[in-house]
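One file, input22.txt, carrying compact mmCIF, C-alpha atoms:
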```
# COMPACT_ATOMS: atom_id res chain seq x y z
CA MET A 1 -5.44 -1.73 26.77
CA TYR A 2 -5.61 -1.56 22.99
CA ARG A 3 -9.05 -1.61 21.38
CA LEU A 4 -9.35 -3.10 17.89
CA TYR A 5 -12.31 -2.29 15.63
CA ASP A 6 -12.51 -5.19 13.24
CA TYR A 7 -14.58 -7.55 11.09
CA LEU A 8 -13.50 -11.14 11.74
CA PRO A 9 -13.53 -12.41 8.12
CA SER A 10 -11.21 -9.54 7.11
CA GLY A 11 -7.70 -10.58 6.17
CA ASN A 12 -6.52 -7.05 6.94
CA GLY A 13 -7.91 -7.32 10.47
CA TYR A 14 -6.47 -10.84 10.75
CA LYS A 15 -2.94 -9.46 10.24
CA VAL A 16 -3.40 -7.23 13.29
CA ARG A 17 -4.93 -10.05 15.38
CA LEU A 18 -2.02 -12.37 14.52
CA VAL A 19 0.56 -9.73 15.50
CA LEU A 20 -1.27 -9.05 18.78
CA ARG A 21 -1.17 -12.83 19.47
CA TYR A 22 2.54 -13.01 18.54
CA LEU A 23 3.28 -10.18 20.97
CA ARG A 24 0.91 -11.63 23.60
CA LEU A 25 -0.79 -8.25 23.90
CA PRO A 26 -4.31 -8.25 25.36
CA TYR A 27 -6.90 -6.15 23.53
CA GLU A 28 -10.58 -5.42 23.40
CA LEU A 29 -12.21 -6.51 20.15
CA VAL A 30 -15.10 -4.43 18.80
CA GLU A 31 -16.73 -6.31 15.95
CA LEU A 32 -18.34 -4.27 13.17
CA ASP A 33 -20.33 -5.62 10.26
CA ILE A 34 -18.86 -3.85 7.24
CA LYS A 35 -21.60 -5.31 5.03
CA GLN A 36 -24.17 -3.36 7.08
CA GLY A 37 -22.28 -0.05 6.81
CA ALA A 38 -21.05 -0.11 10.42
CA THR A 39 -17.82 1.69 9.42
CA ARG A 40 -19.67 4.50 7.61
CA THR A 41 -21.57 5.87 10.62
CA PRO A 42 -20.78 9.42 11.86
CA GLU A 43 -19.34 7.88 15.06
CA PHE A 44 -16.92 5.63 13.19
CA LEU A 45 -15.98 8.28 10.61
CA ALA A 46 -15.02 10.58 13.50
CA MET A 47 -12.41 7.95 14.46
CA ASN A 48 -11.36 7.07 10.89
CA PRO A 49 -12.49 9.41 8.09
CA ASP A 50 -11.57 6.67 5.60
CA GLY A 51 -14.35 4.48 7.04
CA ARG A 52 -12.45 1.19 7.15
CA ILE A 53 -11.43 -1.52 9.58
CA PRO A 54 -9.06 -2.54 11.05
CA LEU A 55 -8.74 0.50 13.30
CA LEU A 56 -6.58 0.44 16.44
CA GLU A 57 -7.37 2.68 19.40
CA VAL A 58 -4.14 3.39 21.28
CA PRO A 59 -4.69 4.63 24.85
CA GLY A 60 -3.48 8.18 25.30
CA ARG A 61 -2.61 8.61 21.60
CA GLY A 62 -5.60 8.14 19.32
CA HIS A 63 -6.66 5.99 16.41
CA LEU A 64 -4.48 4.32 13.82
CA ALA A 65 -5.82 2.97 10.51
CA GLU A 66 -4.27 0.86 7.72
CA SER A 67 -3.32 -2.70 8.63
CA HIS A 68 0.36 -2.34 7.73
CA ALA A 69 0.79 0.91 9.65
CA ILE A 70 -0.82 -0.82 12.64
CA ILE A 71 1.27 -4.01 12.57
CA ASN A 72 4.50 -2.05 12.08
CA PHE A 73 3.60 0.23 15.01
CA LEU A 74 2.84 -2.76 17.27
CA ALA A 75 5.80 -4.93 16.23
CA ALA A 76 8.51 -2.32 15.54
CA GLU A 77 10.70 -3.41 18.46
CA SER A 78 10.05 -7.14 18.04
CA LEU A 79 11.81 -9.79 15.96
CA LEU A 80 9.04 -9.48 13.36
CA VAL A 81 10.74 -6.30 12.06
CA PRO A 82 14.38 -6.83 11.06
CA ASN A 83 16.94 -4.33 12.33
CA ASP A 84 19.01 -4.38 9.16
CA ALA A 85 17.98 -1.50 6.88
CA TRP A 86 18.11 -3.56 3.68
CA GLN A 87 16.09 -6.40 5.22
CA GLN A 88 13.58 -3.83 6.50
CA ALA A 89 13.37 -2.36 3.01
CA GLN A 90 12.57 -5.83 1.61
CA MET A 91 9.89 -6.20 4.27
CA TRP A 92 8.23 -2.95 3.22
CA GLN A 93 8.54 -3.93 -0.44
CA TRP A 94 6.44 -7.03 0.31
CA LEU A 95 3.96 -5.11 2.45
CA CYS A 96 3.44 -2.49 -0.26
CA PHE A 97 3.13 -5.20 -2.92
CA GLU A 98 0.44 -6.91 -0.84
CA GLN A 99 -1.71 -3.79 -0.56
CA TYR A 100 -1.27 -2.81 -4.19
CA SER A 101 -1.25 -6.06 -6.15
CA LEU A 102 -2.52 -8.90 -3.97
CA GLU A 103 -5.21 -7.69 -1.55
CA PRO A 104 -7.19 -5.48 -3.99
CA ASN A 105 -7.55 -8.51 -6.28
CA ILE A 106 -7.74 -11.62 -4.09
CA GLY A 107 -9.32 -9.83 -1.11
CA THR A 108 -11.94 -8.06 -3.22
CA ALA A 109 -12.87 -11.17 -5.25
CA ARG A 110 -13.18 -13.16 -2.01
CA PHE A 111 -15.35 -10.41 -0.43
CA TRP A 112 -17.70 -10.41 -3.44
CA LEU A 113 -18.00 -14.20 -3.52
CA ARG A 114 -18.00 -15.04 0.19
CA SER A 115 -19.26 -12.04 2.14
CA LEU A 116 -21.63 -10.53 -0.41
CA ARG A 117 -22.51 -14.01 -1.80
CA ARG A 118 -22.46 -12.88 -5.42
CA THR A 119 -22.03 -15.50 -8.12
CA PRO A 120 -19.30 -15.63 -10.80
CA GLU A 121 -22.07 -15.31 -13.39
CA GLU A 122 -23.34 -12.06 -11.86
CA LEU A 123 -19.81 -10.66 -11.51
CA GLY A 124 -18.64 -11.63 -14.99
CA GLU A 125 -15.71 -9.70 -16.43
CA ARG A 126 -15.02 -7.80 -13.18
CA LEU A 127 -14.35 -11.07 -11.34
CA LEU A 128 -12.18 -12.46 -14.14
CA GLU A 129 -10.01 -9.33 -14.09
CA LYS A 130 -9.53 -9.60 -10.31
CA GLN A 131 -8.68 -13.31 -10.62
CA GLN A 132 -6.22 -12.71 -13.44
CA LYS A 133 -4.41 -10.00 -11.48
CA GLY A 134 -4.61 -12.10 -8.30
CA ALA A 135 -2.97 -15.03 -10.10
CA ALA A 136 -0.21 -12.70 -11.33
CA ALA A 137 0.39 -11.58 -7.72
CA LEU A 138 0.59 -15.22 -6.57
CA THR A 139 3.20 -15.87 -9.26
CA VAL A 140 5.32 -12.97 -7.97
CA LEU A 141 4.98 -14.36 -4.44
CA GLU A 142 5.90 -17.89 -5.61
CA LEU A 143 9.06 -16.54 -7.30
CA GLY A 144 9.88 -14.39 -4.28
CA LEU A 145 9.68 -17.34 -1.92
CA GLY A 146 11.81 -19.64 -4.10
CA ASP A 147 13.40 -22.09 -1.68
CA ARG A 148 13.37 -19.79 1.35
CA SER A 149 11.52 -20.74 4.52
CA PHE A 150 10.06 -17.27 4.92
CA LEU A 151 9.95 -14.17 2.72
CA LEU A 152 13.06 -12.56 4.19
CA GLY A 153 14.98 -15.81 4.78
CA ASP A 154 14.98 -18.13 7.79
CA GLN A 155 13.21 -15.80 10.18
CA VAL A 156 9.48 -15.09 10.14
CA SER A 157 8.65 -11.37 9.76
CA LEU A 158 5.76 -8.98 9.24
CA ALA A 159 6.09 -9.72 5.52
CA ASP A 160 4.95 -13.31 6.15
CA VAL A 161 2.06 -12.25 8.38
CA ALA A 162 0.88 -9.64 5.87
CA LEU A 163 1.18 -11.81 2.75
CA TYR A 164 -0.21 -14.94 4.38
CA ALA A 165 -3.49 -13.26 5.40
CA TYR A 166 -5.09 -13.12 1.95
CA THR A 167 -2.92 -15.73 0.20
CA HIS A 168 -4.13 -18.64 2.32
CA VAL A 169 -7.76 -17.78 1.46
CA ALA A 170 -7.08 -17.35 -2.28
CA PRO A 171 -9.28 -20.43 -2.99
CA ASP A 172 -12.22 -18.38 -1.56
CA ALA A 173 -11.57 -15.99 -4.45
CA GLY A 174 -11.65 -18.84 -6.97
CA LEU A 175 -7.85 -19.14 -7.08
CA PRO A 176 -6.70 -22.65 -6.07
CA LEU A 177 -3.15 -22.89 -4.71
CA GLU A 178 -2.16 -26.15 -6.42
CA PRO A 179 0.03 -24.37 -9.04
CA TYR A 180 2.15 -22.77 -6.30
CA PRO A 181 4.26 -25.35 -4.40
CA ALA A 182 6.51 -22.79 -2.67
CA ILE A 183 3.44 -20.92 -1.42
CA ARG A 184 1.85 -24.13 -0.12
CA GLY A 185 4.99 -25.09 1.82
CA TRP A 186 5.25 -21.57 3.26
CA ILE A 187 1.59 -21.60 4.33
CA ARG A 188 2.25 -24.85 6.22
CA ARG A 189 5.24 -23.26 7.95
CA VAL A 190 3.28 -20.13 8.97
CA GLU A 191 0.44 -22.30 10.27
CA SER A 192 2.83 -24.33 12.42
CA GLU A 193 4.00 -21.20 14.28
CA SER A 194 2.90 -21.21 17.94
CA TRP A 195 1.09 -17.87 17.62
CA TRP A 196 -0.94 -18.85 14.57
CA ALA A 197 -4.74 -19.00 14.83
CA PRO A 198 -7.45 -19.34 12.16
CA ILE A 199 -8.68 -16.18 10.43
CA THR A 200 -11.91 -15.74 12.38
CA ALA A 201 -10.40 -16.56 15.79
CA ARG A 202 -10.85 -13.82 18.34
CA MET B 1 25.82 5.43 -7.19
CA TYR B 2 22.15 4.58 -7.12
CA ARG B 3 20.48 3.69 -10.42
CA LEU B 4 16.77 4.46 -10.78
CA TYR B 5 14.63 2.71 -13.41
CA ASP B 6 11.73 5.05 -13.98
CA TYR B 7 9.12 6.56 -16.31
CA LEU B 8 9.12 10.33 -15.95
CA PRO B 9 5.33 10.91 -15.99
CA SER B 10 4.92 8.38 -13.14
CA GLY B 11 3.88 9.87 -9.80
CA ASN B 12 5.34 6.82 -8.06
CA GLY B 13 8.71 7.46 -9.69
CA TYR B 14 8.36 11.18 -8.91
CA LYS B 15 8.20 10.42 -5.17
CA VAL B 16 11.61 8.73 -5.43
CA ARG B 17 13.10 11.53 -7.55
CA LEU B 18 11.88 14.16 -5.06
CA VAL B 19 13.40 12.28 -2.11
CA LEU B 20 16.71 11.87 -3.97
CA ARG B 21 16.66 15.65 -4.59
CA TYR B 22 15.82 16.35 -0.93
CA LEU B 23 18.76 14.19 0.17
CA ARG B 24 21.00 15.65 -2.58
CA LEU B 25 21.90 12.11 -3.66
CA PRO B 26 23.26 11.71 -7.19
CA TYR B 27 21.78 8.88 -9.25
CA GLU B 28 21.71 7.45 -12.73
CA LEU B 29 18.28 7.61 -14.33
CA VAL B 30 17.27 4.83 -16.72
CA GLU B 31 14.08 5.83 -18.51
CA LEU B 32 11.72 3.05 -19.55
CA ASP B 33 8.55 3.47 -21.57
CA ILE B 34 5.95 1.48 -19.62
CA LYS B 35 3.43 1.98 -22.46
CA GLN B 36 5.74 -0.01 -24.75
CA GLY B 37 6.15 -2.90 -22.28
CA ALA B 38 9.71 -1.97 -21.30
CA THR B 39 9.14 -3.27 -17.74
CA ARG B 40 7.86 -6.66 -18.96
CA THR B 41 11.02 -7.78 -20.77
CA PRO B 42 12.91 -10.84 -19.42
CA GLU B 43 15.80 -8.52 -18.46
CA PHE B 44 13.60 -6.24 -16.39
CA LEU B 45 11.59 -9.08 -14.82
CA ALA B 46 14.87 -10.60 -13.64
CA MET B 47 15.40 -7.42 -11.60
CA ASN B 48 11.75 -6.99 -10.53
CA PRO B 49 9.42 -9.97 -11.06
CA ASP B 50 6.47 -7.61 -10.49
CA GLY B 51 7.40 -5.75 -13.70
CA ARG B 52 6.95 -2.20 -12.44
CA ILE B 53 8.85 1.03 -12.06
CA PRO B 54 10.18 2.74 -9.98
CA LEU B 55 12.96 0.27 -9.27
CA LEU B 56 16.07 1.30 -7.34
CA GLU B 57 19.38 -0.48 -7.87
CA VAL B 58 21.44 -0.23 -4.69
CA PRO B 59 25.15 -0.89 -5.21
CA GLY B 60 26.28 -4.02 -3.41
CA ARG B 61 22.75 -4.93 -2.27
CA GLY B 62 20.38 -5.45 -5.16
CA HIS B 63 17.08 -4.09 -6.42
CA LEU B 64 14.26 -2.53 -4.43
CA ALA B 65 10.74 -2.07 -5.80
CA GLU B 66 7.65 -0.24 -4.48
CA SER B 67 7.88 3.54 -4.26
CA HIS B 68 7.18 3.72 -0.53
CA ALA B 69 9.67 0.99 0.37
CA ILE B 70 12.24 2.90 -1.70
CA ILE B 71 11.63 6.36 -0.21
CA ASN B 72 11.59 4.99 3.35
CA PHE B 73 14.87 3.15 2.69
CA LEU B 74 16.49 6.30 1.29
CA ALA B 75 15.15 8.76 3.86
CA ALA B 76 15.02 6.63 7.04
CA GLU B 77 17.73 8.62 8.81
CA SER B 78 16.61 12.02 7.55
CA LEU B 79 14.11 14.54 8.91
CA LEU B 80 11.56 13.24 6.39
CA VAL B 81 10.92 10.27 8.71
CA PRO B 82 9.93 11.27 12.25
CA ASN B 83 11.71 9.57 15.15
CA ASP B 84 8.63 9.44 17.35
CA ALA B 85 6.91 6.04 16.99
CA TRP B 86 3.38 7.49 16.94
CA GLN B 87 4.31 10.12 14.34
CA GLN B 88 5.99 7.41 12.26
CA ALA B 89 2.82 5.31 12.52
CA GLN B 90 0.79 8.26 11.21
CA MET B 91 3.27 8.60 8.36
CA TRP B 92 2.81 4.96 7.35
CA GLN B 93 -0.96 5.31 7.69
CA TRP B 94 -0.85 8.04 5.05
CA LEU B 95 1.56 6.11 2.83
CA CYS B 96 -0.65 2.99 2.94
CA PHE B 97 -3.77 5.08 2.32
CA GLU B 98 -2.12 6.59 -0.75
CA GLN B 99 -1.31 3.23 -2.32
CA TYR B 100 -4.68 1.71 -1.51
CA SER B 101 -7.21 4.52 -1.96
CA LEU B 102 -5.62 7.41 -3.83
CA GLU B 103 -3.08 6.17 -6.39
CA PRO B 104 -5.12 3.24 -7.82
CA ASN B 105 -7.95 5.68 -8.58
CA ILE B 106 -6.37 9.04 -9.45
CA GLY B 107 -3.17 7.54 -10.84
CA THR B 108 -4.96 4.98 -12.98
CA ALA B 109 -7.56 7.44 -14.33
CA ARG B 110 -4.76 9.87 -15.18
CA PHE B 111 -2.76 7.11 -16.93
CA TRP B 112 -5.76 6.13 -19.06
CA LEU B 113 -6.55 9.72 -20.02
CA ARG B 114 -3.06 11.20 -20.38
CA SER B 115 -0.60 8.41 -21.19
CA LEU B 116 -2.90 6.05 -23.11
CA ARG B 117 -4.94 8.99 -24.51
CA ARG B 118 -8.28 7.27 -24.06
CA THR B 119 -11.41 9.42 -23.95
CA PRO B 120 -14.00 9.57 -21.14
CA GLU B 121 -16.55 8.28 -23.66
CA GLU B 122 -14.48 5.16 -24.40
CA LEU B 123 -13.78 4.53 -20.72
CA GLY B 124 -17.35 5.08 -19.54
CA GLU B 125 -18.33 3.50 -16.21
CA ARG B 126 -14.78 2.39 -15.38
CA LEU B 127 -13.56 5.98 -15.43
CA LEU B 128 -16.51 7.23 -13.39
CA GLU B 129 -15.83 4.63 -10.69
CA LYS B 130 -12.16 5.65 -10.49
CA GLN B 131 -13.14 9.33 -10.32
CA GLN B 132 -15.73 8.72 -7.60
CA LYS B 133 -13.24 6.77 -5.46
CA GLY B 134 -10.53 9.33 -6.23
CA ALA B 135 -12.80 12.15 -5.03
CA ALA B 136 -13.51 10.19 -1.83
CA ALA B 137 -9.75 9.88 -1.25
CA LEU B 138 -9.29 13.62 -1.78
CA THR B 139 -11.99 14.28 0.83
CA VAL B 140 -10.14 12.10 3.36
CA LEU B 141 -6.93 14.01 2.57
CA GLU B 142 -8.72 17.37 2.91
CA LEU B 143 -10.05 16.35 6.34
CA GLY B 144 -6.66 14.97 7.38
CA LEU B 145 -4.90 18.21 6.51
CA GLY B 146 -7.41 20.44 8.33
CA ASP B 147 -5.45 23.54 9.30
CA ARG B 148 -2.05 21.87 9.50
CA SER B 149 0.83 23.00 7.34
CA PHE B 150 1.84 19.42 6.48
CA LEU B 151 0.25 16.03 7.06
CA LEU B 152 2.08 15.32 10.31
CA GLY B 153 2.08 18.92 11.59
CA ASP B 154 4.60 21.70 11.02
CA GLN B 155 7.34 19.54 9.55
CA VAL B 156 7.35 18.16 6.02
CA SER B 157 7.66 14.34 5.89
CA LEU B 158 7.54 11.40 3.51
CA ALA B 159 3.75 11.50 3.91
CA ASP B 160 3.68 14.88 2.12
CA VAL B 161 5.99 13.72 -0.67
CA ALA B 162 3.97 10.53 -1.21
CA LEU B 163 0.52 12.11 -1.13
CA TYR B 164 1.50 15.16 -3.14
CA ALA B 165 2.73 13.12 -6.12
CA TYR B 166 -0.67 12.06 -7.45
CA THR B 167 -2.82 14.68 -5.70
CA HIS B 168 -1.29 17.62 -7.53
CA VAL B 169 -2.07 15.97 -10.89
CA ALA B 170 -5.67 15.03 -9.94
CA PRO B 171 -6.96 17.47 -12.61
CA ASP B 172 -5.27 15.19 -15.21
CA ALA B 173 -7.64 12.48 -13.97
CA GLY B 174 -10.64 14.76 -14.41
CA LEU B 175 -10.73 15.75 -10.74
CA PRO B 176 -10.37 19.54 -10.30
CA LEU B 177 -8.99 20.68 -6.94
CA GLU B 178 -11.26 23.70 -6.46
CA PRO B 179 -13.44 21.93 -3.82
CA TYR B 180 -10.40 21.27 -1.61
CA PRO B 181 -8.95 24.49 -0.11
CA ALA B 182 -6.74 22.74 2.45
CA ILE B 183 -5.22 20.58 -0.29
CA ARG B 184 -4.61 23.62 -2.50
CA GLY B 185 -2.79 25.47 0.30
CA TRP B 186 -0.72 22.39 1.10
CA ILE B 187 0.25 21.92 -2.57
CA ARG B 188 1.50 25.53 -2.62
CA ARG B 189 3.57 24.86 0.52
CA VAL B 190 5.12 21.67 -0.91
CA GLU B 191 5.90 23.48 -4.18
CA SER B 192 7.70 26.25 -2.32
CA GLU B 193 10.15 23.78 -0.71
CA SER B 194 13.71 24.24 -2.00
CA TRP B 195 13.97 20.62 -3.16
CA TRP B 196 10.76 20.64 -5.15
CA ALA B 197 10.86 20.12 -8.95
CA PRO B 198 8.13 19.45 -11.51
CA ILE B 199 6.99 15.87 -12.05
CA THR B 200 8.93 15.20 -15.24
CA ALA B 201 12.15 16.88 -14.11
CA ARG B 202 15.17 14.62 -14.21
```

Would you mind writing the file's structure down as structure tokens?
Amino acid sequence: MYRLYDYLPSGNGYKVRLVLRYLRLPYELVELDIKQGATRTPEFLAMNPDGRIPLLEVPGRGHLAESHAIINFLAAESLLVPNDAWQQAQMWQWLCFEQYSLEPNIGTARFWLRSLRRTPEELGERLLEKQQKGAAALTVLELGLGDRSFLLGDQVSLADVALYAYTHVAPDAGLPLEPYPAIRGWIRRVESESWWAPITAR
Amino acid sequence: MYRLYDYLPSGNGYKVRLVLRYLRLPYELVELDIKQGATRTPEFLAMNPDGRIPLLEVPGRGHLAESHAIINFLAAESLLVPNDAWQQAQMWQWLCFEQYSLEPNIGTARFWLRSLRRTPEELGERLLEKQQKGAAALTVLELGLGDRSFLLGDQVSLADVALYAYTHVAPDAGLPLEPYPAIRGWIRRVESESWWAPITAR
């Protein structure tokens, strides 16, 4: 059985938990408190030298880090990954965009405000920069969705799982979603999928 | 024929140019000066709403952004992408690590110092933070290489192309490579490949 090292408020971990639910794969959850340095212990660093969750332990193979590497490994043969090479390229474009332009801004601002309980006054310019770049990423996502149901068209894919994870909690980062009607409709569609569960669900 | 919108000093663009060389694929290069806002014009944003290079124009399909989505699309059927699912998962782990932990630190510090010609004194704390995180990423890479020839073993892969691009110019970001013997040996091996060319080669 898979073992997942994770921190339940993490949107990156949430992507993996949603894909495991979609695939109906049982797994053992090992919760680690990243605020207390639980991923920087010698034991954890021996499994992932980068010291981050989510980390998937695959029986007989080893450990796999990086949320998008994990979800692609788990879902590669499922309908969440399109067979068509161009569609798959679009999927990876969205996944890469998420890790470069969306998560480091929205995810980090949310972590500062919600997990570390810092205030906007304390954070000052650093928070404003993250929010400005986060809003720019939401605009790219809004344009990318246009009038599609899901990011690649009519069919839900890993791109939706990966982009949804931090987008739906953007208000936690001080970024309300009112200016983004396409995003709000898409969030409702993702949340009506049978395999959906809230971010901190086990 | 493919058309590549690029900025020659960019390590992200370099990954694409190296893979095109490896595959011996001809392409038209369109050089854009990102310092002058050439990727933020209405014309460019119509092709890539995220306003970044590299951008690949694929005849009959459209435009593809994100260096790792592009190189995986180009090389998917080549020896640069392993067939084995676990090996492919390791490859994506390295690619995701590069975009999250290595490029935003080493690439950004290098851009500030070399392209924008700012000084360490002007940049202050912001530069030091990028350098500290960049050094942490180099340590993870050093450990990951160990005594292997390439990141996935004996065979060069997209992981090597992607990680090499910004690692070999780490000194431009104020991060000398002397403390990393495994990285230095690996850089020599990548640079002795027949398809290798310097970063600003067309």

(request) Pull the neighbourhood of (18.1, 3.3, -8.1) for me: all residues within 9 Å in file coordinates, counting all atoms listed in the file, as a list in words. (result) Met1, Tyr2, Arg3, Leu4, Tyr5, Asp6, Val16, Tyr27, Glu28, Leu29, Val30, Pro54, Leu55, Leu56, Glu57, Val58, Pro59, His63, Leu64 and Ile70 of chain B

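Distances from B:Leu145, B:Tyr100, B:Glu191, B:Arg118 to B:Val161 were compared using only C-alpha atoms, and the smallest one belongs to B:Glu191.
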
(message) Between atom CA of B:Thr108 and atom CA of B:Gly174, what distance in Å does the model show, to one decimal?
(response) 11.4 Å

(request) Give me the residues within 8 Å of B:Ile106 as a PyMOL selection string, counting only C-alpha atoms and dropping any in the same chain fewer than 2 places off. (result) chain B and resi 102-104+108-110+130-131+134+166-167+170+173

Produce a table with one row for each residue of chain A that has an atom at most 10 Å from any atom of chain B, each row naming the nearest atom pair and its distance in Å at one decimal; use all atoms listed in the file; arrange rows by chain and rising residue number; format as CSV.
```
residue,atom,partner,partner_atom,distance
A:Asn48,CA,B:Val140,CA,9.1
A:Pro49,CA,B:Val140,CA,5.9
A:Asp50,CA,B:Val140,CA,6.0
A:Gly51,CA,B:Val140,CA,9.5
A:Val58,CA,B:Trp86,CA,9.6
A:Arg61,CA,B:Trp86,CA,7.7
A:Gly62,CA,B:Trp86,CA,9.3
A:His63,CA,B:Gln90,CA,9.4
A:Leu64,CA,B:Gln90,CA,7.1
A:Ala65,CA,B:Gln93,CA,6.1
A:Glu66,CA,B:Gln93,CA,5.5
A:Ser67,CA,B:Gln93,CA,8.4
A:His68,CA,B:Cys96,CA,7.2
A:Ala69,CA,B:Trp92,CA,5.1
A:Ile70,CA,B:Ala89,CA,7.1
A:Ile71,CA,B:Ala89,CA,9.4
A:Asn72,CA,B:Ala89,CA,7.6
A:Phe73,CA,B:Ala89,CA,5.7
A:Leu74,CA,B:Ala89,CA,9.4
A:Ala76,CA,B:Ala85,CA,8.6
A:Ala85,CA,B:Phe73,CA,7.0
A:Trp86,CA,B:Phe73,CA,7.5
A:Gln87,CA,B:Phe73,CA,10.0
A:Gln88,CA,B:Phe73,CA,8.1
A:Ala89,CA,B:Ala69,CA,5.6
A:Gln90,CA,B:Leu64,CA,7.1
A:Met91,CA,B:Ala69,CA,8.2
A:Trp92,CA,B:Ala69,CA,5.1
A:Gln93,CA,B:Ala69,CA,5.1
A:Trp94,CA,B:Glu66,CA,8.4
A:Leu95,CA,B:Ala69,CA,8.6
A:Cys96,CA,B:Glu66,CA,6.4
A:Phe97,CA,B:Glu66,CA,6.9
A:Gln99,CA,B:Tyr100,CA,6.3
A:Tyr100,CA,B:Tyr100,CA,6.3
A:Ser101,CA,B:Asp50,CA,9.0
A:Glu103,CA,B:Tyr100,CA,9.4
A:Pro104,CA,B:Tyr100,CA,8.0
A:Ala136,CA,B:Asp50,CA,8.4
A:Ala137,CA,B:Asp50,CA,7.8
A:Thr139,CA,B:Pro49,CA,8.8
A:Val140,CA,B:Pro49,CA,5.9
A:Leu141,CA,B:Pro49,CA,9.1
A:Leu143,CA,B:Pro49,CA,7.6
A:Gly144,CA,B:Pro49,CA,8.1
```

(request) Considering all atoms listed in the file, return as a ChimeraX atom specification whatever protein or nucleic-acid residues lie within 10 Å of B:Trp112, sequence-local ones (same chain, fewer than 5 positions apart) excluded. (result) /B:107,117-120,123,127,172-173

Just need stretch 130-163 of chain B in a file, please: C-alpha atoms, as a PDB file, in the first residue's frame.
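Heads up, here's the output in part.pdb:
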```pdb
ATOM      1  CA  LYS B 130      18.109  33.898  -3.330  1.00  0.00           C
ATOM      2  CA  GLN B 131      21.736  32.808  -2.907  1.00  0.00           C
ATOM      3  CA  GLN B 132      21.006  30.910   0.306  1.00  0.00           C
ATOM      4  CA  LYS B 133      18.080  29.038  -1.292  1.00  0.00           C
ATOM      5  CA  GLY B 134      20.124  28.503  -4.454  1.00  0.00           C
ATOM      6  CA  ALA B 135      22.945  26.940  -2.430  1.00  0.00           C
ATOM      7  CA  ALA B 136      20.406  24.659  -0.704  1.00  0.00           C
ATOM      8  CA  ALA B 137      19.168  23.535  -4.134  1.00  0.00           C
ATOM      9  CA  LEU B 138      22.739  22.829  -5.266  1.00  0.00           C
ATOM     10  CA  THR B 139      23.240  20.668  -2.162  1.00  0.00           C
ATOM     11  CA  VAL B 140      20.134  18.620  -3.020  1.00  0.00           C
ATOM     12  CA  LEU B 141      21.465  18.214  -6.574  1.00  0.00           C
ATOM     13  CA  GLU B 142      24.922  17.204  -5.293  1.00  0.00           C
ATOM     14  CA  LEU B 143      23.347  14.535  -3.061  1.00  0.00           C
ATOM     15  CA  GLY B 144      21.053  13.374  -5.861  1.00  0.00           C
ATOM     16  CA  LEU B 145      23.957  12.894  -8.247  1.00  0.00           C
ATOM     17  CA  GLY B 146      26.120  10.974  -5.756  1.00  0.00           C
ATOM     18  CA  ASP B 147      28.372   8.778  -7.879  1.00  0.00           C
ATOM     19  CA  ARG B 148      26.019   8.484 -10.843  1.00  0.00           C
ATOM     20  CA  SER B 149      27.041   9.649 -14.287  1.00  0.00           C
ATOM     21  CA  PHE B 150      23.684  11.350 -14.912  1.00  0.00           C
ATOM     22  CA  LEU B 151      20.673  12.110 -12.740  1.00  0.00           C
ATOM     23  CA  LEU B 152      18.771   8.946 -13.628  1.00  0.00           C
ATOM     24  CA  GLY B 153      21.828   6.667 -13.882  1.00  0.00           C
ATOM     25  CA  ASP B 154      24.058   5.918 -16.857  1.00  0.00           C
ATOM     26  CA  GLN B 155      21.830   7.444 -19.503  1.00  0.00           C
ATOM     27  CA  VAL B 156      21.446  11.175 -20.123  1.00  0.00           C
ATOM     28  CA  SER B 157      17.821  12.380 -19.869  1.00  0.00           C
ATOM     29  CA  LEU B 158      15.703  15.520 -19.866  1.00  0.00           C
ATOM     30  CA  ALA B 159      16.494  15.790 -16.146  1.00  0.00           C
ATOM     31  CA  ASP B 160      20.152  16.466 -17.004  1.00  0.00           C
ATOM     32  CA  VAL B 161      19.305  19.017 -19.696  1.00  0.00           C
ATOM     33  CA  ALA B 162      16.863  20.838 -17.402  1.00  0.00           C
ATOM     34  CA  LEU B 163      19.070  20.906 -14.306  1.00  0.00           C
TER      35      LEU B 163
END
```
